[in-house]
Amino acid sequence: MVGEQTSSISIQTISQLKTLTPTELFIGFSKIGLSGFGGVLPWARRTLVEKEKWLSSEEFSAMLGICQLVPGPNIINLAVCVGSRYAGIRGALAAILGLILGPIAIVILLGLLYDHYSYMPMVQGMLRGVSAVGIGLVGSTGFKMMRTEFSYPPMLIVTLLTLIAALYFKQGLGWVVLITLPIALYLAWKKATRA
Amino acid sequence: MLSPFIDTLISLFIKFSALSFLAFGGVNALLPALYELSVTQGHWITAQTFADYFAIANAAPGPNFLTITLIGWHVGGILGALISTIAISWPSSVIIYFVQRHINNMQDLRKQKTIQYAAAGLAVGLVLASAWEIALHLDHNLSAYILTIGAIAITFFTRVHPLYLIGLGAILGSLGLV
């Protein structure tokens, strides 16, 4: 615990920005969590940069870039980055809780409704329709991400290789990452050192 | 002796935590692995319930890990919902907490860029594979595939808000067209 505290204090001194209390962070991230229909990240930008002005546009992009380096839900990573920057570990926890508690409560209520009404053919059909669209949204996220890879076409090899490995090893996500990571790092190094 | 209930919750926590470490591209990339764990291997939920939870999570406001929250809720009520959500969140939270300052201070910008490009390259492949796999699991007829492909095309080529498409899917579905 002592180690954690010292590191959180040094992060605060690095940021040299206005301070926010954990309560403010909790409320801010609650708004982000509850307003995000169809993806939370655009709402995070709107709230953090435009409304609350906690971060400049450049800071937001840089922070998001770092959050996308590590695996896991990107929006949770962003909550940890912003929360810890302003109020250390307590800030990070407050931001995460703010982000997840509201949506968890809502989705559980929807789950209860589902238990009561899922026998109805109309509800079943509705969910089939929404699920088909939801898969499409995942797919288009992938294609949008792929668009940026065209700036350095060799990286598309990594994309293709990951795609093939993922379809071949089906449930073995660990193997897929293990096999493709070295090639990804090699090509990424080439991309970073070109010019 | 642990009760089977506690046993399942612990298993759920460990397996979802392990998944989180591999989630390049976020939860979107995890859907097939999640299906495998909770439907095929664990028999925690049926294929139908998985599909319906995925739909509910898409229709609800909030981050896209809510499918995981619902699976946990099905297994162990509110406690299960919290445990599954924490399991998917804690590994990356701990990593990013300790790593962010290090990356910020990285002297060699090329190293930072290298990690960034590599993670992005992996993420694209994983998310596309995930969409493909999960479509094979959840889309059961031609009209569902048409709806999926239509949603991809519309969100890729236009700036229509995803919520309208979800509404459209709900209407077409409730009319019995999907």
# chains A, B, ... in the order shown; residues from 1 in each chain; ligands from 1
>>> closest_atom_pairs(of="region 88-176 of chain A", to="region 151-154 of chain B", cutoff="6 Å", atoms="only C-alpha atoms", output="JSON lines")
{"residue": "A:Val133", "atom": "CA", "partner": "B:Ala151", "partner_atom": "CA", "distance": 5.7}
{"residue": "A:Gly136", "atom": "CA", "partner": "B:Ile152", "partner_atom": "CA", "distance": 4.7}
{"residue": "A:Ser140", "atom": "CA", "partner": "B:Ile152", "partner_atom": "CA", "distance": 4.7}
>>> write_last_selection(atoms="N, CA and C atoms", output="PDB file, in the first residue's frame")
ATOM      1  N   VAL A 133     -27.811  -6.594 -35.931  1.00  0.00           N
ATOM      2  CA  VAL A 133     -27.230  -5.260 -36.091  1.00  0.00           C
ATOM      3  C   VAL A 133     -25.974  -5.117 -35.225  1.00  0.00           C
ATOM      4  N   GLY A 136     -23.062  -6.488 -36.813  1.00  0.00           N
ATOM      5  CA  GLY A 136     -22.640  -5.561 -37.862  1.00  0.00           C
ATOM      6  C   GLY A 136     -21.810  -4.410 -37.297  1.00  0.00           C
ATOM      7  N   SER A 140     -18.118  -3.380 -38.432  1.00  0.00           N
ATOM      8  CA  SER A 140     -17.735  -2.088 -39.015  1.00  0.00           C
ATOM      9  C   SER A 140     -16.660  -1.408 -38.175  1.00  0.00           C
TER      10      SER A 140
END
>>> interface_residues(of="chain B", to="chain A", cutoff="6 Å", atoms="only C-alpha atoms", output="ChimeraX atom specification")
/B:20-24,26-27,33,52,55,61-63,92-93,110,113-114,116-119,121,124-125,127-129,131,144,148,151-152,156,162-163,166,169-170,173-174,176,178
>>> select_by_dssp(residues="chain B", states="alpha helix (DSSP H)", output="ChimeraX atom specification")
/B:4-21,31-35,47-59,66-104,109-138,142-157,162-174
>>> write_last_selection(atoms="C-alpha atoms", output="short mmCIF file (atom, residue, chain, number, x, y, z; two decimals), in the first residue's frame")
data_model
loop_
_atom_site.label_atom_id
_atom_site.label_comp_id
_atom_site.auth_asym_id
_atom_site.auth_seq_id
_atom_site.Cartn_x
_atom_site.Cartn_y
_atom_site.Cartn_z
CA PRO B 4 -20.94 -25.71 -6.60
CA PHE B 5 -22.28 -22.14 -6.75
CA ILE B 6 -19.13 -20.60 -5.26
CA ASP B 7 -17.09 -22.96 -7.42
CA THR B 8 -18.75 -21.64 -10.59
CA LEU B 9 -18.25 -18.02 -9.51
CA ILE B 10 -14.54 -18.61 -8.88
CA SER B 11 -14.18 -20.38 -12.21
CA LEU B 12 -15.99 -17.51 -13.93
CA PHE B 13 -13.72 -14.97 -12.26
CA ILE B 14 -10.51 -16.77 -13.21
CA LYS B 15 -11.54 -17.46 -16.81
CA PHE B 16 -12.82 -13.94 -17.50
CA SER B 17 -9.70 -12.43 -15.89
CA ALA B 18 -7.50 -14.57 -18.16
CA LEU B 19 -9.51 -13.45 -21.20
CA SER B 20 -9.02 -9.81 -20.27
CA PHE B 21 -5.24 -10.13 -20.67
CA LEU B 31 -17.02 -12.42 -28.17
CA PRO B 32 -16.15 -15.82 -29.72
CA ALA B 33 -13.96 -16.78 -26.74
CA LEU B 34 -16.75 -15.65 -24.43
CA TYR B 35 -19.23 -17.81 -26.33
CA ALA B 47 -26.71 -20.30 -27.21
CA GLN B 48 -30.08 -18.53 -27.41
CA THR B 49 -29.55 -16.69 -24.12
CA PHE B 50 -26.06 -15.66 -25.23
CA ALA B 51 -27.50 -14.16 -28.42
CA ASP B 52 -30.25 -12.39 -26.48
CA TYR B 53 -27.82 -11.00 -23.87
CA PHE B 54 -25.60 -9.72 -26.66
CA ALA B 55 -28.66 -7.96 -28.11
CA ILE B 56 -29.66 -6.48 -24.74
CA ALA B 57 -26.12 -5.23 -24.11
CA ASN B 58 -26.20 -3.52 -27.51
CA ALA B 59 -29.54 -1.88 -26.83
CA LEU B 66 -22.32 -5.54 -20.59
CA THR B 67 -22.74 -8.92 -22.32
CA ILE B 68 -20.21 -10.16 -19.77
CA THR B 69 -22.12 -8.50 -16.92
CA LEU B 70 -25.32 -10.29 -18.01
CA ILE B 71 -23.63 -13.69 -18.24
CA GLY B 72 -22.34 -13.17 -14.69
CA TRP B 73 -25.80 -12.09 -13.54
CA HIS B 74 -27.34 -15.24 -15.05
CA VAL B 75 -24.82 -17.42 -13.22
CA GLY B 76 -24.82 -15.71 -9.83
CA GLY B 77 -27.28 -12.83 -9.56
CA ILE B 78 -26.04 -9.38 -8.65
CA LEU B 79 -22.90 -10.85 -7.07
CA GLY B 80 -22.19 -12.72 -10.30
CA ALA B 81 -22.74 -9.55 -12.35
CA LEU B 82 -20.22 -7.65 -10.23
CA ILE B 83 -17.69 -10.48 -10.21
CA SER B 84 -17.74 -10.93 -13.99
CA THR B 85 -17.48 -7.19 -14.62
CA ILE B 86 -14.58 -6.83 -12.19
CA ALA B 87 -12.89 -9.89 -13.71
CA ILE B 88 -12.88 -8.39 -17.20
CA SER B 89 -11.73 -4.99 -15.91
CA TRP B 90 -9.05 -5.49 -13.26
CA PRO B 91 -6.14 -6.92 -15.27
CA SER B 92 -5.88 -4.07 -17.74
CA SER B 93 -6.68 -1.49 -15.04
CA VAL B 94 -3.72 -2.64 -12.96
CA ILE B 95 -1.42 -2.79 -15.99
CA ILE B 96 -2.39 0.65 -17.29
CA TYR B 97 -2.12 2.19 -13.83
CA PHE B 98 1.52 1.19 -13.53
CA VAL B 99 2.45 1.43 -17.20
CA GLN B 100 0.99 4.80 -18.20
CA ARG B 101 3.63 6.89 -16.47
CA HIS B 102 6.37 4.70 -17.88
CA ILE B 103 5.02 5.08 -21.41
CA ASN B 104 4.53 8.82 -20.96
CA LEU B 109 9.37 7.75 -29.17
CA ARG B 110 9.93 4.95 -31.68
CA LYS B 111 9.44 2.31 -28.99
CA GLN B 112 6.18 3.92 -27.96
CA LYS B 113 5.01 4.04 -31.60
CA THR B 114 6.10 0.42 -32.13
CA ILE B 115 3.93 -0.86 -29.29
CA GLN B 116 1.05 1.31 -30.46
CA TYR B 117 1.20 0.10 -34.09
CA ALA B 118 1.63 -3.55 -33.08
CA ALA B 119 -1.34 -3.46 -30.71
CA ALA B 120 -3.47 -1.74 -33.36
CA GLY B 121 -2.49 -4.29 -36.02
CA LEU B 122 -3.43 -7.20 -33.75
CA ALA B 123 -6.67 -5.52 -32.71
CA VAL B 124 -7.93 -5.12 -36.29
CA GLY B 125 -7.48 -8.81 -37.08
CA LEU B 126 -9.02 -9.93 -33.80
CA VAL B 127 -12.09 -7.71 -34.10
CA LEU B 128 -12.75 -8.77 -37.71
CA ALA B 129 -12.32 -12.45 -36.81
CA SER B 130 -14.64 -11.92 -33.85
CA ALA B 131 -17.37 -10.42 -36.04
CA TRP B 132 -17.06 -13.33 -38.47
CA GLU B 133 -17.15 -16.04 -35.78
CA ILE B 134 -19.95 -14.52 -33.80
CA ALA B 135 -22.04 -14.02 -36.94
CA LEU B 136 -21.73 -17.76 -37.62
CA HIS B 137 -22.94 -18.45 -34.07
CA LEU B 138 -25.74 -15.90 -33.81
CA LEU B 142 -30.34 -15.17 -44.57
CA SER B 143 -32.21 -12.08 -43.41
CA ALA B 144 -30.05 -11.87 -40.26
CA TYR B 145 -26.91 -11.97 -42.41
CA ILE B 146 -28.34 -9.29 -44.70
CA LEU B 147 -29.08 -7.11 -41.67
CA THR B 148 -25.53 -7.64 -40.33
CA ILE B 149 -23.91 -6.81 -43.67
CA GLY B 150 -26.25 -3.84 -44.13
CA ALA B 151 -25.29 -2.48 -40.70
CA ILE B 152 -21.60 -2.83 -41.58
CA ALA B 153 -22.06 -0.99 -44.88
CA ILE B 154 -24.19 1.81 -43.44
CA THR B 155 -21.94 2.55 -40.45
CA PHE B 156 -18.83 2.28 -42.62
CA PHE B 157 -19.94 4.56 -45.44
CA PRO B 162 -25.69 3.26 -34.50
CA LEU B 163 -28.73 3.73 -32.24
CA TYR B 164 -30.98 4.22 -35.32
CA LEU B 165 -29.73 0.95 -36.77
CA ILE B 166 -30.39 -0.86 -33.48
CA GLY B 167 -33.90 0.59 -33.55
CA LEU B 168 -34.33 -0.55 -37.14
CA GLY B 169 -33.14 -4.05 -36.20
CA ALA B 170 -35.63 -4.13 -33.31
CA ILE B 171 -38.52 -3.08 -35.58
CA LEU B 172 -37.68 -5.50 -38.40
CA GLY B 173 -37.21 -8.27 -35.83
CA SER B 174 -40.45 -7.65 -33.96
#
>>> atom_distance(atom1="CA of Glu58 (chain A)", atom2="CA of Ala44 (chain A)")
13.9 Å
>>> atom_distance(atom1="CA of Trp44 (chain B)", atom2="CA of Phe65 (chain B)")
17.4 Å
